[in-house]
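Just entry_38.txt here, compact mmCIF, C-alpha atoms and all ligand atoms:
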# COMPACT_ATOMS: atom_id res chain seq x y z
CA MET A 1 -8.32 -104.86 18.90
CA ALA A 2 -6.98 -107.85 17.01
CA THR A 3 -4.22 -110.44 16.91
CA THR A 4 -2.98 -111.37 13.43
CA VAL A 5 -0.63 -114.26 12.67
CA LEU A 6 0.79 -113.54 9.22
CA ASP A 7 1.68 -117.15 8.38
CA HIS A 8 3.28 -115.97 5.10
CA ALA A 9 5.25 -118.45 2.97
CA LEU A 10 8.30 -116.23 2.52
CA ILE A 11 8.33 -115.18 6.17
CA ASN A 12 8.02 -118.81 7.31
CA HIS A 13 10.92 -119.76 5.02
CA LYS A 14 13.16 -117.04 6.48
CA LEU A 15 11.98 -117.68 10.04
CA SER A 16 13.02 -121.33 9.78
CA ILE A 17 16.54 -120.21 8.85
CA MET A 18 16.55 -117.98 11.94
CA ARG A 19 15.29 -120.79 14.18
CA ASP A 20 18.09 -123.14 13.08
CA LYS A 21 20.73 -123.21 15.84
CA ASN A 22 23.46 -123.53 13.19
CA THR A 23 22.57 -120.16 11.63
CA ASN A 24 25.29 -117.63 12.40
CA THR A 25 24.87 -114.00 13.47
CA ILE A 26 25.33 -112.62 9.94
CA VAL A 27 22.65 -114.79 8.35
CA PHE A 28 20.39 -114.36 11.40
CA LYS A 29 20.47 -110.55 10.96
CA GLU A 30 20.02 -110.73 7.16
CA ASN A 31 16.87 -112.80 7.56
CA LEU A 32 15.59 -110.59 10.38
CA ASP A 33 16.02 -107.52 8.12
CA GLU A 34 14.09 -109.20 5.33
CA ILE A 35 11.29 -110.37 7.62
CA ALA A 36 11.08 -106.89 9.16
CA MET A 37 10.51 -105.40 5.69
CA LEU A 38 7.79 -107.93 4.92
CA MET A 39 6.11 -107.36 8.29
CA ALA A 40 6.34 -103.57 7.86
CA TYR A 41 4.55 -103.93 4.53
CA GLU A 42 1.78 -106.01 6.13
CA VAL A 43 1.19 -103.92 9.27
CA THR A 44 1.02 -100.63 7.37
CA LYS A 45 -1.52 -101.70 4.78
CA ASP A 46 -4.50 -100.01 6.49
CA LEU A 47 -2.83 -96.88 7.84
CA PRO A 48 -4.87 -93.70 7.41
CA LEU A 49 -4.06 -91.51 4.38
CA VAL A 50 -4.84 -87.91 3.50
CA GLU A 51 -5.40 -86.67 -0.02
CA TYR A 52 -3.45 -83.76 -1.53
CA PRO A 53 -3.26 -82.19 -4.97
CA ILE A 54 -0.46 -83.33 -7.32
CA GLU A 55 0.24 -82.89 -10.99
CA THR A 56 1.45 -85.83 -13.07
CA PRO A 57 3.14 -85.19 -16.46
CA ILE A 58 -0.36 -85.71 -17.91
CA CYS A 59 -2.81 -83.84 -15.65
CA LYS A 60 -3.79 -82.64 -12.20
CA THR A 61 -4.95 -85.37 -9.84
CA VAL A 62 -5.17 -86.29 -6.17
CA GLY A 63 -2.24 -87.88 -4.35
CA LYS A 64 -2.31 -89.71 -1.02
CA LYS A 65 0.15 -89.60 1.84
CA LEU A 66 0.34 -91.04 5.34
CA ALA A 67 -1.91 -89.00 7.61
CA LYS A 68 0.09 -89.53 10.79
CA GLN A 69 3.68 -89.62 11.98
CA ILE A 70 4.90 -93.16 12.57
CA ILE A 71 7.09 -93.80 15.60
CA LEU A 72 8.90 -97.11 15.90
CA VAL A 73 9.71 -98.26 19.42
CA PRO A 74 12.18 -101.16 19.60
CA ILE A 75 12.42 -102.83 22.98
CA LEU A 76 16.17 -102.93 23.74
CA ARG A 77 18.13 -104.90 22.94
CA ALA A 78 16.68 -107.39 20.52
CA GLY A 79 13.99 -105.04 19.18
CA ILE A 80 16.75 -102.99 17.53
CA GLY A 81 17.14 -105.84 15.07
CA LEU A 82 13.77 -105.01 13.50
CA VAL A 83 14.39 -101.28 13.06
CA ASP A 84 16.52 -101.32 9.88
CA GLY A 85 13.95 -103.31 7.91
CA PHE A 86 11.06 -101.12 9.08
CA ARG A 87 12.96 -97.92 8.26
CA ARG A 88 13.73 -99.13 4.74
CA ILE A 89 9.98 -99.41 4.12
CA ILE A 90 9.00 -96.33 6.18
CA PRO A 91 11.97 -93.93 5.94
CA SER A 92 10.01 -91.07 7.54
CA ALA A 93 9.47 -93.07 10.74
CA LYS A 94 10.98 -91.65 13.92
CA VAL A 95 12.43 -93.99 16.50
CA GLY A 96 11.96 -94.04 20.27
CA HIS A 97 13.82 -96.48 22.50
CA ILE A 98 12.85 -98.31 25.66
CA GLY A 99 15.25 -100.51 27.56
CA LEU A 100 13.73 -103.45 29.37
CA GLN A 101 15.49 -106.48 30.63
CA ARG A 102 13.91 -109.55 32.11
CA ASP A 103 15.02 -110.39 35.61
CA GLU A 104 16.34 -113.90 34.97
CA GLU A 105 14.76 -115.27 38.17
CA THR A 106 11.40 -113.52 38.42
CA LEU A 107 11.10 -113.01 34.60
CA GLN A 108 9.71 -109.53 35.45
CA PRO A 109 10.78 -106.66 33.12
CA ILE A 110 12.92 -103.86 34.55
CA GLU A 111 12.94 -100.51 32.67
CA TYR A 112 16.50 -99.14 32.43
CA TYR A 113 16.16 -96.59 29.58
CA ALA A 114 13.42 -94.61 27.79
CA LYS A 115 13.62 -91.83 25.19
CA PHE A 116 10.87 -90.99 22.71
CA PRO A 117 10.39 -88.43 19.92
CA LYS A 118 7.94 -85.54 20.46
CA GLY A 119 4.37 -86.00 19.24
CA ILE A 120 3.82 -89.51 20.55
CA GLU A 121 0.23 -88.55 21.52
CA ASP A 122 -0.86 -88.16 17.87
CA ALA A 123 1.47 -90.67 16.23
CA ILE A 124 0.98 -94.26 15.18
CA VAL A 125 3.35 -96.07 17.50
CA ILE A 126 4.72 -99.43 16.35
CA VAL A 127 6.44 -101.36 19.16
CA VAL A 128 8.85 -103.97 17.77
CA ASP A 129 10.45 -106.93 19.52
CA PRO A 130 11.30 -110.32 18.01
CA MET A 131 10.00 -112.25 21.04
CA LEU A 132 6.72 -112.15 22.97
CA ALA A 133 7.29 -114.74 25.69
CA THR A 134 5.57 -114.08 29.05
CA GLY A 135 4.39 -110.77 27.57
CA GLY A 136 5.87 -108.86 30.52
CA SER A 137 8.31 -106.71 28.50
CA ALA A 138 5.81 -105.77 25.80
CA SER A 139 3.02 -105.09 28.28
CA ALA A 140 5.27 -102.86 30.42
CA THR A 141 6.41 -101.01 27.27
CA ILE A 142 2.83 -100.36 26.17
CA THR A 143 1.90 -99.18 29.69
CA SER A 144 4.88 -96.81 29.63
CA LEU A 145 3.86 -95.45 26.19
CA LYS A 146 0.25 -94.95 27.31
CA LYS A 147 1.46 -93.01 30.37
CA ARG A 148 3.26 -90.71 27.93
CA GLY A 149 0.02 -90.18 25.99
CA ALA A 150 0.29 -92.70 23.12
CA LYS A 151 -3.15 -93.78 21.93
CA ASN A 152 -2.63 -95.63 18.67
CA ILE A 153 -0.30 -98.54 19.42
CA HIS A 154 0.66 -101.58 17.35
CA LEU A 155 2.85 -104.41 18.62
CA VAL A 156 4.87 -106.41 16.08
CA CYS A 157 6.73 -109.58 17.12
CA LEU A 158 8.31 -112.41 15.17
CA LEU A 159 7.43 -115.20 17.56
CA ALA A 160 5.01 -115.44 20.45
CA ALA A 161 3.96 -117.99 23.02
CA PRO A 162 0.20 -118.26 23.64
CA GLU A 163 0.88 -117.08 27.23
CA GLY A 164 2.29 -113.76 25.97
CA VAL A 165 -0.54 -113.23 23.51
CA ALA A 166 -3.07 -113.78 26.31
CA VAL A 167 -1.33 -111.15 28.49
CA ILE A 168 -1.41 -108.50 25.73
CA GLU A 169 -5.02 -109.27 24.81
CA LYS A 170 -6.06 -109.00 28.48
CA GLU A 171 -3.96 -106.00 29.56
CA HIS A 172 -4.06 -104.04 26.29
CA PRO A 173 -7.16 -105.04 24.31
CA ASP A 174 -6.89 -101.78 22.32
CA VAL A 175 -3.53 -102.76 20.80
CA ASN A 176 -3.18 -104.47 17.41
CA LEU A 177 -0.79 -107.41 17.71
CA THR A 178 0.90 -108.81 14.59
CA LEU A 179 3.02 -111.98 14.68
CA ALA A 180 5.03 -113.81 12.07
CA ALA A 181 4.26 -117.08 13.86
CA LEU A 182 2.56 -118.35 17.01
CA ASP A 183 4.59 -121.06 18.76
CA ASP A 184 3.55 -123.85 21.13
CA LYS A 185 4.38 -122.75 24.68
CA LEU A 186 6.93 -121.37 27.15
CA ASN A 187 9.44 -123.61 28.87
CA SER A 188 10.25 -123.41 32.60
CA LYS A 189 12.89 -120.72 31.92
CA GLY A 190 10.45 -118.50 30.02
CA TYR A 191 11.81 -119.37 26.57
CA ILE A 192 9.49 -119.81 23.61
CA VAL A 193 9.20 -123.43 22.37
CA PRO A 194 10.28 -124.25 19.69
CA GLY A 195 11.36 -120.59 19.35
CA LEU A 196 14.79 -119.49 18.22
CA GLY A 197 16.64 -119.21 21.53
CA ASP A 198 17.78 -115.90 22.99
CA ALA A 199 17.08 -113.35 20.26
CA GLY A 200 19.42 -110.67 21.66
CA ASP A 201 22.32 -113.07 22.02
CA ARG A 202 21.86 -114.50 18.54
CA LEU A 203 21.50 -111.06 17.00
CA PHE A 204 24.50 -109.49 18.70
CA GLY A 205 26.71 -112.56 19.10
CA THR A 206 26.77 -112.40 22.89
CA ASP A 207 26.03 -116.06 23.56
C1 LIG B 301 13.89 -110.70 25.28
C2 LIG B 301 13.06 -110.24 24.10
C3 LIG B 301 11.91 -109.52 24.76
C4 LIG B 301 11.75 -110.30 26.04
C5 LIG B 301 10.53 -111.17 25.90
O1 LIG B 301 14.66 -109.68 25.79
O2 LIG B 301 13.77 -109.44 23.20
O3 LIG B 301 12.18 -108.16 25.03
O4 LIG B 301 12.91 -111.12 26.20
O5 LIG B 301 10.27 -111.81 27.08
P1 LIG B 301 8.95 -111.57 27.94
O6 LIG B 301 7.81 -111.56 26.96
O7 LIG B 301 8.92 -112.75 28.86
O8 LIG B 301 9.09 -110.27 28.65
P2 LIG B 301 15.70 -109.94 26.99
O9 LIG B 301 15.06 -109.67 28.30
O10 LIG B 301 16.33 -111.28 26.81
O11 LIG B 301 16.72 -108.77 26.80
P3 LIG B 301 17.77 -108.48 25.61
O12 LIG B 301 16.94 -108.09 24.41
O13 LIG B 301 18.54 -107.34 26.15
O14 LIG B 301 18.59 -109.70 25.37
N1 LIG B 302 13.44 -113.91 25.04
C1 LIG B 302 14.17 -114.49 24.06
O1 LIG B 302 15.13 -113.91 23.54
N2 LIG B 302 13.81 -115.72 23.66
C2 LIG B 302 12.77 -116.39 24.20
O2 LIG B 302 12.49 -117.51 23.78
C3 LIG B 302 12.05 -115.76 25.23
C4 LIG B 302 12.40 -114.51 25.62
Give the structure from the file, written as structure tokens.
Ligand code: PRP
Ligand code: URA
Amino acid sequence: MATTVLDHALINHKLSIMRDKNTNTIVFKENLDEIAMLMAYEVTKDLPLVEYPIETPICKTVGKKLAKQIILVPILRAGIGLVDGFRRIIPSAKVGHIGLQRDEETLQPIEYYAKFPKGIEDAIVIVVDPMLATGGSASATITSLKKRGAKNIHLVCLLAAPEGVAVIEKEHPDVNLTLAALDDKLNSKGYIVPGLGDAGDRLFGTD
């Protein structure tokens, strides 16, 4: 459907702190939480609503509530880092998990875990992962969700390489892609340049 690069002053400020190699795990996670909240606010702005009757202290009127269940799907591991921020903004969201790891030589994603809430067919599914590099992990996740019946899928990533964006736009043109920033390219090891390094390692302190 569409690719949106938020290019938001506050997000860019926080993203630069995350990119800095001297930023420690604690500050990295704090900034990721804050960016996740800001991105959640942006990607939910046009979600469908239904009207229902309410009564204010003054009179009867019409309220609005989200029309559909929201299901967040973090791609393990690093995607987990975006869940807290999203759930603070959308506390009613359910969470499914998919475990994909890139084979370090072929860069191909290997699925090692998948568990989703019921009702994925009618839900708005928001796949979250900080990094969209070759696009292999996100594309395989979306394919897996579609096989399970998901129809309304959004993909939210902090950083992307143009190569990864092209893969999602080609393989999943029905998916809305939202990025905090679009970087320059991939390097020969499949890392985003300038990027922020290995998101999972920086988030969980495993480097
Ligand atoms: C990272 C990242 C994405 C993937 C992106 O995960 O979190 O899932 O790489 O790369 P791609 O677009 O080329 O598929 P990684 O495989 O390093 O696993 P981890 O989260 O467990 O560290
Ligand atoms: N995965 C990461 O964690 N970082 C990159 O730059 C690319 C893939």
Worksheet item: Quick one: residues within 9 Å of stretch 165-181 of chain A, only C-alpha atoms counted, chain neighbours fewer than 2 positions away excluded, as a ChimeraX atom specification?
Response: /A:1-8,11-12,15,35,39,42-43,132-136,138-139,142-143,151-163,183
Just-selected residues, C-alpha atoms written as a CSV table (one decimal), in the frame of the given file:
chain,number,residue,atom,x,y,z
A,1,MET,CA,-8.3,-104.9,18.9
A,2,ALA,CA,-7.0,-107.8,17.0
A,3,THR,CA,-4.2,-110.4,16.9
A,4,THR,CA,-3.0,-111.4,13.4
A,5,VAL,CA,-0.6,-114.3,12.7
A,6,LEU,CA,0.8,-113.5,9.2
A,7,ASP,CA,1.7,-117.2,8.4
A,8,HIS,CA,3.3,-116.0,5.1
A,11,ILE,CA,8.3,-115.2,6.2
A,12,ASN,CA,8.0,-118.8,7.3
A,15,LEU,CA,12.0,-117.7,10.0
A,35,ILE,CA,11.3,-110.4,7.6
A,39,MET,CA,6.1,-107.4,8.3
A,42,GLU,CA,1.8,-106.0,6.1
A,43,VAL,CA,1.2,-103.9,9.3
A,132,LEU,CA,6.7,-112.2,23.0
A,133,ALA,CA,7.3,-114.7,25.7
A,134,THR,CA,5.6,-114.1,29.0
A,135,GLY,CA,4.4,-110.8,27.6
A,136,GLY,CA,5.9,-108.9,30.5
A,138,ALA,CA,5.8,-105.8,25.8
A,139,SER,CA,3.0,-105.1,28.3
A,142,ILE,CA,2.8,-100.4,26.2
A,143,THR,CA,1.9,-99.2,29.7
A,151,LYS,CA,-3.2,-93.8,21.9
A,152,ASN,CA,-2.6,-95.6,18.7
A,153,ILE,CA,-0.3,-98.5,19.4
A,154,HIS,CA,0.7,-101.6,17.4
A,155,LEU,CA,2.8,-104.4,18.6
A,156,VAL,CA,4.9,-106.4,16.1
A,157,CYS,CA,6.7,-109.6,17.1
A,158,LEU,CA,8.3,-112.4,15.2
A,159,LEU,CA,7.4,-115.2,17.6
A,160,ALA,CA,5.0,-115.4,20.4
A,161,ALA,CA,4.0,-118.0,23.0
A,162,PRO,CA,0.2,-118.3,23.6
A,163,GLU,CA,0.9,-117.1,27.2
A,183,ASP,CA,4.6,-121.1,18.8
Find the residues of chain A that sit at most 10 Å from ligand LIG 301 (chain B); for each, write down the nearest two atoms and how far apart they are in Å, to one decimal. Count only C-alpha atoms and all ligand atoms. Sort by chain, then by number going up, and give it as a Markdown table.
| residue | atom | partner | partner_atom | distance |
| --- | --- | --- | --- | --- |
| A:Pro74 | CA | B:LIG301 | O3 | 8.9 |
| A:Ile75 | CA | B:LIG301 | O3 | 5.7 |
| A:Leu76 | CA | B:LIG301 | O12 | 5.3 |
| A:Arg77 | CA | B:LIG301 | O12 | 3.7 |
| A:Ala78 | CA | B:LIG301 | O12 | 4.0 |
| A:Gly79 | CA | B:LIG301 | O2 | 6.0 |
| A:Ile80 | CA | B:LIG301 | O12 | 8.6 |
| A:Gly81 | CA | B:LIG301 | O2 | 9.5 |
| A:Ile98 | CA | B:LIG301 | O3 | 9.9 |
| A:Gly99 | CA | B:LIG301 | O13 | 7.7 |
| A:Leu100 | CA | B:LIG301 | O9 | 6.4 |
| A:Gln101 | CA | B:LIG301 | O9 | 4.0 |
| A:Arg102 | CA | B:LIG301 | O9 | 4.0 |
| A:Asp103 | CA | B:LIG301 | O9 | 7.3 |
| A:Glu104 | CA | B:LIG301 | O9 | 8.0 |
| A:Thr106 | CA | B:LIG301 | O7 | 9.9 |
| A:Leu107 | CA | B:LIG301 | O7 | 6.1 |
| A:Gln108 | CA | B:LIG301 | O8 | 6.9 |
| A:Pro109 | CA | B:LIG301 | O8 | 6.0 |
| A:Ile110 | CA | B:LIG301 | O9 | 8.8 |
| A:Val128 | CA | B:LIG301 | O3 | 9.0 |
| A:Asp129 | CA | B:LIG301 | O2 | 5.6 |
| A:Pro130 | CA | B:LIG301 | O2 | 5.8 |
| A:Met131 | CA | B:LIG301 | C2 | 4.8 |
| A:Leu132 | CA | B:LIG301 | O6 | 4.2 |
| A:Ala133 | CA | B:LIG301 | O6 | 3.5 |
| A:Thr134 | CA | B:LIG301 | O7 | 3.6 |
| A:Gly135 | CA | B:LIG301 | O6 | 3.6 |
| A:Gly136 | CA | B:LIG301 | O8 | 4.0 |
| A:Ser137 | CA | B:LIG301 | O8 | 3.6 |
| A:Ala138 | CA | B:LIG301 | O6 | 6.2 |
| A:Ser139 | CA | B:LIG301 | O8 | 8.0 |
| A:Ala140 | CA | B:LIG301 | O8 | 8.5 |
| A:Thr141 | CA | B:LIG301 | O3 | 9.5 |
| A:Cys157 | CA | B:LIG301 | C3 | 9.2 |
| A:Leu159 | CA | B:LIG301 | C5 | 9.8 |
| A:Ala160 | CA | B:LIG301 | O6 | 8.1 |
| A:Ala161 | CA | B:LIG301 | O6 | 8.5 |
| A:Glu163 | CA | B:LIG301 | O6 | 8.9 |
| A:Gly164 | CA | B:LIG301 | O6 | 6.0 |
| A:Val165 | CA | B:LIG301 | O6 | 9.2 |
| A:Val167 | CA | B:LIG301 | O6 | 9.3 |
| A:Ile168 | CA | B:LIG301 | O6 | 9.8 |
| A:Leu186 | CA | B:LIG301 | O7 | 9.0 |
| A:Lys189 | CA | B:LIG301 | O7 | 9.4 |
| A:Gly190 | CA | B:LIG301 | O7 | 6.1 |
| A:Tyr191 | CA | B:LIG301 | O7 | 7.6 |
| A:Ile192 | CA | B:LIG301 | O5 | 8.8 |
| A:Gly197 | CA | B:LIG301 | O10 | 9.5 |
| A:Asp198 | CA | B:LIG301 | O10 | 6.2 |
| A:Ala199 | CA | B:LIG301 | O2 | 5.9 |
| A:Gly200 | CA | B:LIG301 | O14 | 3.9 |
| A:Asp201 | CA | B:LIG301 | O14 | 6.0 |
| A:Arg202 | CA | B:LIG301 | O14 | 9.0 |
| A:Leu203 | CA | B:LIG301 | O14 | 9.0 |
| A:Phe204 | CA | B:LIG301 | O14 | 8.9 |
| A:Thr206 | CA | B:LIG301 | O14 | 9.0 |
| A:Asp207 | CA | B:LIG301 | O14 | 10.0 |
Worksheet item: Given the choices A:Ile124, A:Val50, A:Ala114, A:Leu32, which gets closest to A:Val83 if the distance is worked out from all atoms listed in the file?
Response: A:Leu32
Practice prompt. Rank A:Leu47, A:Ala93, A:Glu34, A:Leu182 by their smallest atom-to-atom distance to A:Gln69, using all atoms listed in the file, and report the top residue only.
Written response: A:Ala93
Hey, can I get the axis-aligned box for ligand LIG 302 (chain B)? All listed atoms, 6 Å padding on each side, centre and edge lengths in Å to one decimal, as lines of an AutoDock Vina configuration file.
center_x = 13.6
center_y = -115.7
center_z = 24.6
size_x = 15.1
size_y = 15.6
size_z = 14.1
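The coordinates place atom CA of A:Asp122 at 21.4 Å from atom CA of A:Tyr41.
The closest residue to A:Ile126, picked from A:Pro53, A:Gly205, A:Gly96, A:Pro194 and counting all atoms listed in the file, is A:Gly96.
Atom CA of A:Asn31 sits 10.3 Å away from atom CA of A:Leu82.
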Worksheet entry | Nearest to ligand LIG 302 (chain B), chosen from A:Leu145, A:Val193, A:Ala9, A:Ala36, with only C-alpha atoms and all ligand atoms counted in the distances | A:Val193
